[in-house]
Each structure stands twice: as C-alpha cells, then as structure tokens.
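First up is the structure itself, then whatever we jot down about it.
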Protein chains: 4
Amino acid sequence: MRKTGRHFLQIPGPSNLPDPVLRAIDMPIIDHRGPDFAPLMARVLTGMQALCRCAGPVIVYPASGTGAWEAALVNTRSPGDHVLMYETGQFALQWKVLAERMGLEPEFLQGDWRSGASAAGIEARLRDDTAHTIKAVCVVHNETSTGCVTDIAAIRKAIDAAGHPALLMVDTISSLGCLDYRHDEWGVDVTVGASQKGLMMPTGISFNALSEKALAQSKTATMPKSYWSWEAMINANRGGYFPYTPATNLFYGLVAALDLIDEEGLDNVFARHARHAEATRRAVRAWGLEIVCRDPAAYSASITAVYMPEGHSADRFRRTIFDTFNMSLGAGLSRLADKAFRIGHVGDFNDLMLLGTLGGVEMGLEVAGVPHSKGGVQAAMDYLTAEAASIQPLRDAAE
Amino acid sequence: MRKTGRHFLQIPGPSNLPDPVLRAIDMPIIDHRGPDFAPLMARVLTGMQALCRCAGPVIVYPASGTGAWEAALVNTRSPGDHVLMYETGQFALQWKVLAERMGLEPEFLQGDWRSGASAAGIEARLRDDTAHTIKAVCVVHNETSTGCVTDIAAIRKAIDAAGHPALLMVDTISSLGCLDYRHDEWGVDVTVGASQKGLMMPTGISFNALSEKALAQSKTATMPKSYWSWEAMINANRGGYFPYTPATNLFYGLVAALDLIDEEGLDNVFARHARHAEATRRAVRAWGLEIVCRDPAAYSASITAVYMPEGHSADRFRRTIFDTFNMSLGAGLSRLADKAFRIGHVGDFNDLMLLGTLGGVEMGLEVAGVPHSKGGVQAAMDYLTAEAASIQPLRDAAE
Amino acid sequence: MRKTGRHFLQIPGPSNLPDPVLRAIDMPIIDHRGPDFAPLMARVLTGMQALCRCAGPVIVYPASGTGAWEAALVNTRSPGDHVLMYETGQFALQWKVLAERMGLEPEFLQGDWRSGASAAGIEARLRDDTAHTIKAVCVVHNETSTGCVTDIAAIRKAIDAAGHPALLMVDTISSLGCLDYRHDEWGVDVTVGASQKGLMMPTGISFNALSEKALAQSKTATMPKSYWSWEAMINANRGGYFPYTPATNLFYGLVAALDLIDEEGLDNVFARHARHAEATRRAVRAWGLEIVCRDPAAYSASITAVYMPEGHSADRFRRTIFDTFNMSLGAGLSRLADKAFRIGHVGDFNDLMLLGTLGGVEMGLEVAGVPHSKGGVQAAMDYLTAEAASIQPLRDAAE
Amino acid sequence: MRKTGRHFLQIPGPSNLPDPVLRAIDMPIIDHRGPDFAPLMARVLTGMQALCRCAGPVIVYPASGTGAWEAALVNTRSPGDHVLMYETGQFALQWKVLAERMGLEPEFLQGDWRSGASAAGIEARLRDDTAHTIKAVCVVHNETSTGCVTDIAAIRKAIDAAGHPALLMVDTISSLGCLDYRHDEWGVDVTVGASQKGLMMPTGISFNALSEKALAQSKTATMPKSYWSWEAMINANRGGYFPYTPATNLFYGLVAALDLIDEEGLDNVFARHARHAEATRRAVRAWGLEIVCRDPAAYSASITAVYMPEGHSADRFRRTIFDTFNMSLGAGLSRLADKAFRIGHVGDFNDLMLLGTLGGVEMGLEVAGVPHSKGGVQAAMDYLTAEAASIQPLRDAAE
C-alpha cells in the first residue's frame, strides 16, 4: 500500500534534503574543464573553509565519508605507522578497522560507547609514548553510533600537555554543520567530513581539511595513494581544475546547501540543532527510556541514541514505525544492535518536523507494546514553547 | 532569518504537493497537436471520470476552480435564469455573487455557516416553485470556509421528492479526492472540481463533470460562452485535441497524481482523510476550543474550522504560528474573519505530518497567550495509535 | 522505439523551455494568502509591465491565451457591440469567432493570409464609420498561422487619422518577448499575451495590459464577466491578493523567465529572434520553397510559415520528420492545412539549435521525397557566421 | 551576456543528460539501511551486469572512473607487481601513472596515439615473459583522448596465444553503452567503467566488473585497500547493503538511465553511436581536416579527435566556439594539447543535435579564421539521410 505524505527520514544521516539542494543537482552538467567550472569549485572550497573554520586547503572528494577517512591516513602516514584511536563507538571502530586494512598499526583506547573520548586517557597514553612512535591521534567528534561528543579542544590540550608531536585527526561526519567546530582554533590537523548530514546534501561528497603540519607530513608519507592524493588535488585545484572528473552535479547541490547555511547563519544552525536535541532528550526521559550517552556534557546535537527496555527488540520497533508511520529511525549498531535505536535531528529540520518525529516514536512505543510513559511529545512541546518565547524577541530585533 | 525544514502548508488547499507530481510538471513541454498529446489527455479524462465516478464527459480547464463554477453556469443557463443556491459559507456566497455578475438570478437559502445545506429546506422551496422557474440547485459539497459537508444524495432525493426538474450542480473543490463522492449514483448534473486540494496538484486546473441532462440543456442555453464552452471542448477532445492551448505541464502532474491515488486506492484515501479529521477534532476538543461545524454528521474530512476564544485575534494567532513554527493555517473568511482559523488535513498527508500540524497549533496557542488546555496532540496520538492497531492487520493481509 | 536525445520542439509555441523555468515550477506551493505571495505577484506584475512597455495595469490570468482574448472583449464591451477585426490568418479568425460566440458583432476586413493587417484598409473603414458604431479595432501583431507581422504603430496612426474613438486591441501572443512591442508608445488599449512562446514558459498563464481609456470603458461595459473581470483582479492585486486561486507554481516559472529576459536584455532578445528568422528564410529560399509571408516588411521574427510544393502533403512531411528526426514542426492551419508547415524559432533558442532545426527540415525533405534544392543549412550557416563576426566585438566590449 | 538556449556539451563526456535521469536524482534520499534500498541496489547491479555482459559480480563505487582504475589494481595486485600497459593515449598514460603511484611496476608498450593497442605487440611481449612476471595486461577499450578503439577480443586471443596467465583489465569508461562490449565472451578479468558517458549520468559513480579469476586473485593480493575492497563490497551487497554510505541519489539516476537503455535496446544504442561517428568523420573529411585515428578499424563510435591545421590553436578555436555558439568541445590532451580538439557524440543524442554540433564546428572554423572547406554539415546530412531511409522500414516493422 502506498505510503502517503512526506517520509520522515530521522536516521542520523543522510538527513532530509531541502528542495533548493535537490533542484540544484538536477541541472544539466557542464564541462569540468570549461570556463564555468573554476568559479563553481571556488565557491565550494571557500564555503567549506568557512564551515570548517580552516584557513588552509580543503580537499573535496567524489566519495563517501569512508573515503575521506582513508584519505586522511594515506596522505599523512607510511606503512606500519602507529596511530592512536579512541573507541567512542562503531564509527571509531570502523575507522580503526580501515587503518588496519591499510597496513597501519592502530592502538585502540577502550571506551564505553556512552561518552566522548577521554582527553585524560589520551594524554596519559601519549606521555607514556616517550619515543613518539604514535604518529597520529584519531578521534570522532560526534560519534554517530552513540550520540556522544568528544571535546576536541580538550584533546588538543591533552596532546600539547603531553608535549607530543602526533597529528590530531578528527571525524566530523555527523557534526559539521550541526555542532560548533573550529579546525584552526582547536589545532586540528586533518578534519574528515561528509555531505549527507549537517550539510543537507545527498551522499557522494566527502572532505579533508588540512593544517600546515599535516600538509608538510604528506610530502614524506609513503603510503601508496593516487585517488586520495592531496598533492594532486591541491595542484589541480590551484589551476581551477580537478585531477579527475568531479561530481559536478553534487557540487551544484553543495553550493545551494552552503548558501542556505549562510542565510541561516552558522550560530543559528548550531543553536537550532542544540534545541532539537534537548527537546528530544526531554521526550526520551518522559517516556522513561534511557539515553545511551550518559555524560550530559557529551550530548550530541544531531543524534540521540536511546536504549530499548530490556526484552524488546529495537529493530522490530523500528520496523513497526517504518510500516505504520512512514518514518525511518537509525538502528543500534554492533554492540547496540537491536538494543538501541537512534533519532536523527539533523540537517534541514524544524520544530514541527521534530514533533512529528517524536510523535512517531511515542505512538510506535504504544503500537509495538513497549512499556513506556506517555508525555514525551508534551515535554518536547513545553520546552520548545518556552524556547520560542525567548527566541521571538531576537527574531523581531533582527528584522 | 531563513525558515528551516519543510514548510507545513496546512491551509485548506492548495495542499502539500507530492514529489512525483512536482517532478512531473518539470518535464519539457510537448506539442499539444502532436502524436504524444492524445494519450496524455485520455489518461487525464478517464482518470477524472473514475475520480468523479461519472461515466459522462469530464471537461478539464486550464483555469482556477472559480472558472469551473462559471463554466457550470454559462453552459447550462440563459440570461436571467433563476437558480437556487444555499448559503453554507463563504464559497457558496462567492458562487452566488458570480452568478449575479453573470446575469443570473440566484436565490439564496440562508444557512448558519455551521452545517451543510438542508435537504428539507431545499425540498420545501422547490415544492413551492410549482412553475419550475428554478432552473438549477447549486450546493457546495464540502464548504471550504467552515468545514461542513452537505449530504448530496439527500439533496438529490429532495429534488426528486419535490418532483422538480432543476439541475443539481455541486462544488466538490475541497472534497474531490478527500471524501466519498459519486456523480452518477447521486444524480448530480454538473460537478465542479479543482486540482489543488485532494488532487495534490498545483493550482491551475479545474473541472466540470456532466450528466446527460446537463449536456442536453447546454445545447439550448444562451449565456454567451467561448473559453468555457463544453461543446467546443467535447468536440476537440473527441479528436484527441484541445480547443485552445492546454496547460500541458499541469497535465503531466495530474497524471502523476491520479497514479498516486490509484496506488493508494480511493477508499483508503477517504479513510485516511476521515481518520486525520477525527484526530484533529479530538485535539481541538482537548484544547477546549469550539469546532465551527456543529453537526457531527457534517464534519469535513479535509478541513476543520475552529473558533478562537472571544477576544483573541485568529489572524494574529496564525501569524505567530507562521513566524514561529513555519506553518500556514487557513484564515477565517468573511463573517468568520479573525474569529476562526482553519486547519487543512488534505491531500498528500500522513499521521506524523498531522502531529506536527497539531503540535504547531498547540504550541502556537501557548506562545500567543491564547487560553486553552494542553493535551490536544496527546488526544490525537491516542486516537491515531488505536486506529493504527486496527489498520495494521488489514495492511498485513494486503501484502 | 525510444527517441533519443532532446526533442526539437520547433512549433510556433509552446517553445523549448529553459531549465531554470522548469525547476522553478517544481518548487513546493505556498499559501497564496500568506506573507510570501505579495512579493511574488509584485515581481510578476512589474516584470510584465516592463515587457509590454505599459505603465498601466497588467492582468495575469490562470488561463490560456484564448482566455485573455475573451477577457479583452468582455471587460470593454457590451452585448451587440460592433468591433472591427482584420483577417490576418487563423488566429485572427478564431478571435472573431470568439467575439461572435460572446454576442458581439465583429466585422471582418478580409486579408490574404500572406501579409499583416492593412492600416490603410482600417483607416478607410473607420472613416466610413462616421457614427462611430465601431467600438474597437482588433488586430493580431504577429499572426501565428502565417508568420506575418502587423505594424501596430501604423494601425494606431490610421485610427487617429480617421479621428475615430475605437479602442485598439492587439494580440501579442506570439510576439511578446520576440519582437519589439510598445503598448504605451503605440497607443494600444488592450494587449493580449500568453506565457508559452517568447516568455519561455509552459502554457497556463495569459495577460491583458490596459490603457486608461480601456480601463475607463470597462466601468460601463455590460458584458457579463466574473473570472475575467479586470475590476475584481485590480482590486485584489492592489492588496497583494488574487480574486481566486492563482496558478502559483506557474508564477514561480514566470519570475524565472523574466529574470532570464532581463539578463539577456530585451533588445538582445529581439535581435536574436530577428537573426534566427533571417537565417531560416535564407534556408527556405535555398531549398527553393516559398515563404507564406510575401511582404518582407511583415516577416515574423518568431515563426516562418512555408508552402509545400504542389502535390505534397505538409502533414505527411511533418510526420516523417517527427518519426525520423524527433522534431515537431507546426502544421498549416485552416486554409493552409496540409499545404504549409511552420517553423518556430522562438523562445529560449540559439544558433546551433536552429541549425539542427533547419537540418531536420532539409533532411526531411529528402527522406519524404519532396523536390527541393540542397544548401538551406549552408545558407543559414553562411549568414549566421557573418552575423557572429559582427556580434563578437559588441560582446567583447560588453564584458 | 546570457547564453541562450541549450548548451551543446559535445565533450567526450560527461555527455548531455536526459531529463528522466536528472529528475530521478532530484528525489528525496532514502535510508540506505532501510527496506527500500535493497531493491534499488539490485536493479543497479543486474542492470550493470547486463550492460557489461558479465555474469559475475559488478562493483559500484561512489567515485570517479579514476577510482575504479585504482580499485582494479589494488584488489588484484601486490606491491611491486609487474603489469603491462599499452600507451594508446593520455588515459592509458594516466592509468600507468596511477599504477606507479600505487607502487606497482607498469611496463608501457609504446603506441602512436593514433590507433588502438596492438594485439601482436602484446603477444610478442608476453611470449618473452616466460617467467610470467607480468601479472596483468591493462588496455583502454576506447581511448578518450584520441578516439581510437582497441580490439579487446584480439587482445584476449593474443594473451591466450602466448599461453600467458596475466589478467586482462580493460578501461571501458568511454565505451560502455556506446560500443559493443562483452566482458565474459571476450575473457576480460576486470572491466573498469564510469557513469558519465554512454550511461548518460552525472559523474560520481564508477564500476568494476569481475571474472572468477580476478576474484580468486583478489583473495591473495596484498595491496592495502579498504574503500575499494571488492570483498567488503560483495559481502555487503549480498545482504542488500553497502559497506559504507552509497551515493543513493545517483543510484536513482542510474536506474533511470538503465531503463532508457533497455527501452532503446543495446544494439540500437551501438548502431546510433556508430552512425553519428561516421557522419562526424564525413564532415571532418569534407572540411579537409585530419582525423587523429588513422586506422579505420579503430574509429571510435563515441569520440572523434581532429587535428587543427598547422599554426592554428585548437584551444583558441574551442574558446571561440564556446563564446560564440554556446558549445563545449573537448581539448586535445598532453601531446595533442592545442593541436587537436575532440568532438563527443556520446550518450543521449540524436541526428539533429549532431547537425547542431557539426554546424557549430563548421561555423567556428570560419569565425576563427581556420582554413577549411565548407560542406561538412552537408556531408553529414547526406549520410544521415541515406541512413534514415534504411532505418525507417526497420522502425516501422518494430511498431
């Protein structure tokens, strides 16, 4: 039977795509070696620099975020290099597996999948590494599998406090365009990003933003690379070109998305995500369910992962909601499989879409026979109403 | 400041447009005198016959619904003709004004704007008209300004009971594709419809569906007509043509919309609208507000009009919601101006979109300082949850 | 079998639609009574004033051009009024038939379907009409069925020379946005236009541009009218509204089209159409075929109608081209039926599209076994090449 | 100044994109882990198998064609492996550079950039390699920089004749969907393809099609790999998933493109490309210019590279055409830089688009002052007309 109305795509990305972005990618393709390409690429690159708050080069790949993970490693590292990674959740784990596959020696600091990476833990490990065999520290800013945020400025401080020269590489795939992020100010060496979450774009584009130090190391790093080569990309980009065929139509969309972000203002984007995350958590608590992230300081603005009550299948619950209410929720992954579900409140979103989302969860709990208290949507409305009252005067003043 | 996320267009039409309809109208235009046009038009005409449940001709105008009102009159009537109309609300009133402007003599049976047209009242008036000076009875099936439905089968029975030869003309602009409607079975002579509500289409297309009796009268009717001429249209359509340039791109969309309706099944379309209307009324009652329609038998499936508490401006309330929550609600019109607002739950819609809608109203009442009780969204969720439980087995069986 | 590549829609309108126009109409519909509608309508109205070069009101109908013909008459005339029309071709004829159907008394000055309307003929007839029973003179600026242009300034002069108070009404359906046109300067009282030719839009929108005199007469004209009523439209527009539901998505497209015209510059638009028309005529002459228009001063910039050699069916020829080369040409109409075909070189067009078009005609002549000389495309190329050489310095200077 | 009409994108890819493909990528994104993804992916994979004529697995990467080159090597090879490549032109060269960058030892058989790879040359080299140190033979099926085709069946025969176990890897980036290609029948081990040419898609998707032998070697190949890993991809695909986030919206487009190809029929697709290539070469000869490919058996169906007359800049010529006629032609690359230009006649194309293209070149030669004879377009028309006459009966029979 046809599902009516708009699908609620409340996974932790890809996020609901705004119409101007979709219409943009639907325009005829142009010659990527012709005169119209260079200004298009320039807009993309400067826009991404602004978004990453990075004065150095940003590399844009026609690839998934996973490709940008790989790019960060193969450009800066040599075979057998030791890298320190932190197990914040499934995506940190996948990055580690990738590093192993590529022939590096990742060391994994154990985490509990319920908080961000521990700056203290990283500092302690680096202090021990007096020989400086650790070449890079890799952390996930916003762990998409758990909804826990790592304090990147604190990680930088930890590295500096340990007097350690390791690069700092940060996965911002589900934080860029959702949470405050500052590549240069926080001393990040390689930022890894992707298009399909805060950037409100289809999948197919991913990024590296670089520090001078990372760039310098890439000159001597010996991992084999071609598609991911920063050098080839930077050289070609400098002339207004691409080292191979770019995903031109996705570039159109990216320009449209960057324009939307500019129009809203980055600080407003962050405040909106934070507001929706808080409303979501209030709903979760009202239902009597448990939030996976147990450190309030680490709550994610883009994703909330929620435990199912013992004995209830999260996947059956999600399927009920998909079939009954035309909404997709994110699955629990790996050790959270079938035990948790994830609510995405990311990208092009608003209060009423959030109420529909939370209403779908609350009704789904009832329909699926999952023990819970009512009142989640009500709690969210109470919070959003109070917030609206405080936002309105600002809005008025701005007009 | 940019409004984020999807706008909630909860006016009583135009309704939220499905993506396949929008993408369809975005295709290159074809030669309306070339070989590809006739099959396109045939799909439109047979689809509209199925939707109106009318075996006779359907006329498709590149025009607003107002044009189809005019068409119904100028094709069947002669200057100075007496027609009986029933004041269900603002749209009945506008149709009457149109009849006056066109040189007819409409008689208006007074209504209270809180119920459908009275079959008994019409029967009484027709019984009085022993000279049969009344040439047509014109009623609005679903009065868009009040959310009150008229029982068309009962009106037909009333006309027959009075032994009166007047034509029965029915405005279905906000009921077609939302509420059960049966042109042939109910003995309607001219059905007036439009594209932008239950048909999930942009504005710009409107319809007449005809009985044989109406068609026969059109042969002798002397009102001047050209653009609206049924005869010219039927003759051209018969050859696979149009008497003037058709709105081809809107035809593409109409085909896409008819396909979506077919896929869902017309009975499911009606049941869905009825369910959302009931959920909406439960929310309104929980808020302690008053529904404009006071006859439960006349409740509309596509629109709910709601009185504001005394002393509160409906228009200011709607503006607050527009500014704060990115949702459009329908205004009260004419005697309901600023006193009522209207919630559209029409077209391509689902449970979670409705929760967002009702959540926007409930939060708007709070933000605008309108006295109300909480719990409207909760009441809607309770109802929808119960309904979902009863629908699911049917859905499973269907797959 | 699938027809590959882009269809060549070389009928005299609808014209090939630019992508930005199609993408614009594919955006979600908005509330036409909400705050975002008034600026949209304002852009449409001022843009149309600029295009018509009319300082007075422009009326925009959700209707075909035929509706705008009807509107021009019913707003200014009373039943039985005498109007003078000129038979330039099939569209002049249809306008006359429309006038008859609406209860007016059109008098038809005979033309030969091979030239524009004769100013002298009109002047003579008006001089005879000393009683001023003729209330309006109606002419077609660019007769779409023949490709002949009427000199509107000359018609105005003729009316003035005759000292006659008749209104001047002009159909610009296939000239607006193609040929120079000046509503105010040329003393036109009602301009009739439509969206699907020079405006590069889908069908479904049509226009009236008004003089003060026309507006004044509309106050006392007694033809019945409602949908077409200028008064209702002007009153509603003044408040930022529409008297009934507007074709909002087509408005989006119209704004996009007006932006494209602004970007090109109206004079450049006219020069481009003139250049393509001249290239087309050179090709026709090289083929040894005869152009329908026999007055070089009346050649149309948007359409070229061409006679088939005696004994050859124009319709079979067009069908061969449709089937073999994926191109639509315009049919000969009425007395030109099957005797002539029409080439549209109108709207969003360029030199290479024209070469494809002319190449399709030239190859079609060969495939269909129609006697002709080769060299039509070559003649067009020779001309366009020479023109390109003379345009380039201007282009360079402009950059 | 605005360039009007449709841009002629006559580079050797990306090709002109059909509207149904563009509209498809413009639909809302879905959950790639939800129930609707597996059928989408299945359609893509079986469609690509049919297109490659490969019964084994096809791998679909969210990446440019360059990525698929890299994937072919890293999945089958170990560091330092010796591979034999053939210098057909710039793309063969780039593939070789990629192999070097990745740490392989490519040996390059010299070619003249004017013909396909020599089967005899390859056979001789392989016979010399009695130790079987050569692990793979890599050739470009249709060399995009020169418009020369290599006979892949002959290469396979050469390898077999030499009794050599090397894998056969073939780049089909500009041949797939344009020229006959048979992965299984011709004994290809890895086919490398991309979306933006014969597949009529935007850039951003590329492919590997695999033989059993290639798959078997991938189990022991030790080049580091993760993003490009066949194993990870095949395992995930088997369960209806993707190992990382897929480019879902490009998948929508790919399904639309595969549907278009199915509708036309693969043999018709090939015949059409061959016909347009022959027409193009006749035009080139008529102009008195020289085709880069000097072996008629190696003429490409999708691209024609053409030498400029001595002393004339190909790049200035292309720029003149871009500025004057709104057409993009392909540049000469590397040793052909500024000496040759390339005409793409690839993808969604038809006879009249080709005439526009050739007309643009012919007029461009004149405008740019390049010595040439007229008559190129005429020669193409003569040929296409003759072909049309012979195609029509087949077409009629098919209907």
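By order of appearance in the structure tokens: chains A, B, ..., then residues from 1 within every chain, and ligands from 1 in the order shown.
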
Interface, chain D side, toward chain C (7 Å; only C-alpha atoms) as a PyMOL selection string: chain D and resi 1-2+4-5+18+263-264+324-325+348-353+355-357+359-360+363+366-367+381+385+388-389

Determine, counting only C-alpha atoms, which protein, DNA and RNA residues have an atom within 12 Å of an atom of Pro243 (chain D); residues of the same chain fewer than 3 positions away are not included. Present the result as a ChimeraX atom specification. /A:64-67,94,98 /D:32-33,59-62,226-240,246-247

Could those selected residues go to a file with N, CA and C atoms, as an mmCIF file, in the first residue's frame?
```cif
data_model
loop_
_atom_site.group_PDB
_atom_site.id
_atom_site.type_symbol
_atom_site.label_atom_id
_atom_site.label_comp_id
_atom_site.auth_asym_id
_atom_site.auth_seq_id
_atom_site.Cartn_x
_atom_site.Cartn_y
_atom_site.Cartn_z
ATOM 1 N N SER A 64 32.278 8.699 -0.554
ATOM 2 C CA SER A 64 31.629 8.682 0.751
ATOM 3 C C SER A 64 32.590 9.157 1.837
ATOM 4 N N GLY A 65 32.071 9.387 3.013
ATOM 5 C CA GLY A 65 32.888 9.779 4.145
ATOM 6 C C GLY A 65 33.985 8.770 4.436
ATOM 7 N N THR A 66 33.701 7.509 4.229
ATOM 8 C CA THR A 66 34.695 6.458 4.434
ATOM 9 C C THR A 66 35.944 6.717 3.598
ATOM 10 N N GLY A 67 35.744 7.238 2.409
ATOM 11 C CA GLY A 67 36.881 7.580 1.564
ATOM 12 C C GLY A 67 37.721 8.687 2.173
ATOM 13 N N GLN A 94 35.127 1.363 13.060
ATOM 14 C CA GLN A 94 35.301 1.154 11.625
ATOM 15 C C GLN A 94 36.522 1.890 11.082
ATOM 16 N N LEU A 98 39.623 0.157 9.234
ATOM 17 C CA LEU A 98 40.159 0.707 7.985
ATOM 18 C C LEU A 98 41.673 0.915 8.093
ATOM 19 N N HIS D 32 19.573 4.168 3.439
ATOM 20 C CA HIS D 32 20.274 3.098 2.715
ATOM 21 C C HIS D 32 20.389 1.833 3.560
ATOM 22 N N ARG D 33 19.887 1.879 4.764
ATOM 23 C CA ARG D 33 19.814 0.645 5.570
ATOM 24 C C ARG D 33 18.357 0.208 5.755
ATOM 25 N N ILE D 59 30.889 -4.271 -9.214
ATOM 26 C CA ILE D 59 31.098 -3.434 -8.038
ATOM 27 C C ILE D 59 30.779 -2.001 -8.430
ATOM 28 N N VAL D 60 30.005 -1.323 -7.615
ATOM 29 C CA VAL D 60 29.612 0.055 -7.933
ATOM 30 C C VAL D 60 30.179 0.990 -6.866
ATOM 31 N N TYR D 61 31.056 1.874 -7.285
ATOM 32 C CA TYR D 61 31.699 2.792 -6.342
ATOM 33 C C TYR D 61 31.097 4.191 -6.395
ATOM 34 N N PRO D 62 30.915 4.819 -5.244
ATOM 35 C CA PRO D 62 30.624 6.256 -5.246
ATOM 36 C C PRO D 62 31.952 6.987 -5.470
ATOM 37 N N SER D 226 40.754 -0.557 1.323
ATOM 38 C CA SER D 226 39.585 -0.579 2.188
ATOM 39 C C SER D 226 38.382 -0.047 1.413
ATOM 40 N N TYR D 227 38.455 1.248 1.037
ATOM 41 C CA TYR D 227 37.337 1.820 0.276
ATOM 42 C C TYR D 227 37.082 1.019 -0.993
ATOM 43 N N TRP D 228 38.137 0.563 -1.617
ATOM 44 C CA TRP D 228 37.990 -0.113 -2.920
ATOM 45 C C TRP D 228 37.828 -1.626 -2.783
ATOM 46 N N SER D 229 37.819 -2.136 -1.576
ATOM 47 C CA SER D 229 37.834 -3.591 -1.373
ATOM 48 C C SER D 229 36.623 -4.289 -1.993
ATOM 49 N N TRP D 230 36.914 -5.175 -2.933
ATOM 50 C CA TRP D 230 35.829 -5.957 -3.534
ATOM 51 C C TRP D 230 35.144 -6.836 -2.489
ATOM 52 N N GLU D 231 35.970 -7.428 -1.659
ATOM 53 C CA GLU D 231 35.434 -8.396 -0.702
ATOM 54 C C GLU D 231 34.384 -7.738 0.195
ATOM 55 N N ALA D 232 34.761 -6.598 0.757
ATOM 56 C CA ALA D 232 33.823 -5.889 1.646
ATOM 57 C C ALA D 232 32.546 -5.537 0.883
ATOM 58 N N MET D 233 32.732 -5.111 -0.358
ATOM 59 C CA MET D 233 31.576 -4.697 -1.156
ATOM 60 C C MET D 233 30.679 -5.887 -1.474
ATOM 61 N N ILE D 234 31.280 -6.971 -1.921
ATOM 62 C CA ILE D 234 30.474 -8.134 -2.318
ATOM 63 C C ILE D 234 29.730 -8.700 -1.110
ATOM 64 N N ASN D 235 30.416 -8.757 0.008
ATOM 65 C CA ASN D 235 29.747 -9.267 1.218
ATOM 66 C C ASN D 235 28.558 -8.402 1.608
ATOM 67 N N ALA D 236 28.772 -7.100 1.603
ATOM 68 C CA ALA D 236 27.683 -6.198 1.983
ATOM 69 C C ALA D 236 26.549 -6.267 0.960
ATOM 70 N N ASN D 237 26.899 -6.218 -0.304
ATOM 71 C CA ASN D 237 25.881 -6.252 -1.368
ATOM 72 C C ASN D 237 25.020 -7.503 -1.269
ATOM 73 N N ARG D 238 25.671 -8.617 -0.928
ATOM 74 C CA ARG D 238 24.943 -9.882 -0.827
ATOM 75 C C ARG D 238 23.760 -9.751 0.141
ATOM 76 N N GLY D 239 23.946 -8.988 1.203
ATOM 77 C CA GLY D 239 22.867 -8.814 2.182
ATOM 78 C C GLY D 239 21.943 -7.640 1.859
ATOM 79 N N GLY D 240 22.149 -7.046 0.686
ATOM 80 C CA GLY D 240 21.288 -5.914 0.322
ATOM 81 C C GLY D 240 21.823 -4.596 0.857
ATOM 82 N N PRO D 246 26.222 4.718 0.372
ATOM 83 C CA PRO D 246 26.232 4.773 -1.089
ATOM 84 C C PRO D 246 25.743 6.141 -1.581
ATOM 85 N N ALA D 247 26.015 6.434 -2.847
ATOM 86 C CA ALA D 247 25.538 7.692 -3.459
ATOM 87 C C ALA D 247 24.119 7.450 -3.972
#
```

Please identify all polymer residues within 12 Å of Lys213 (chain A), counting only C-alpha atoms, omitting same-chain residues fewer than 5 positions from it, and present them as a count of residues only. 17

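Across the structure, CA of Tyr252 (chain A) and CA of Asp26 (chain A) are spaced 8.7 Å apart.
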
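Backbone DSSP assigns strand (DSSP E or B) in region 260-345 of chain A to Glu290, Ile291, Tyr299, Ile303, Thr304, Ala305, Val306, Tyr307, Met327, Ser328, Leu329, Gly330, Ala331, Ala340, Phe341, Arg342, Ile343 and Gly344 of chain A.
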
Ala337 (chain A) surroundings by only C-alpha atoms, 10 Å radius, close-in-sequence under 3 positions cut, as a PyMOL selection string: chain A and resi 313-315+331-334+340-341
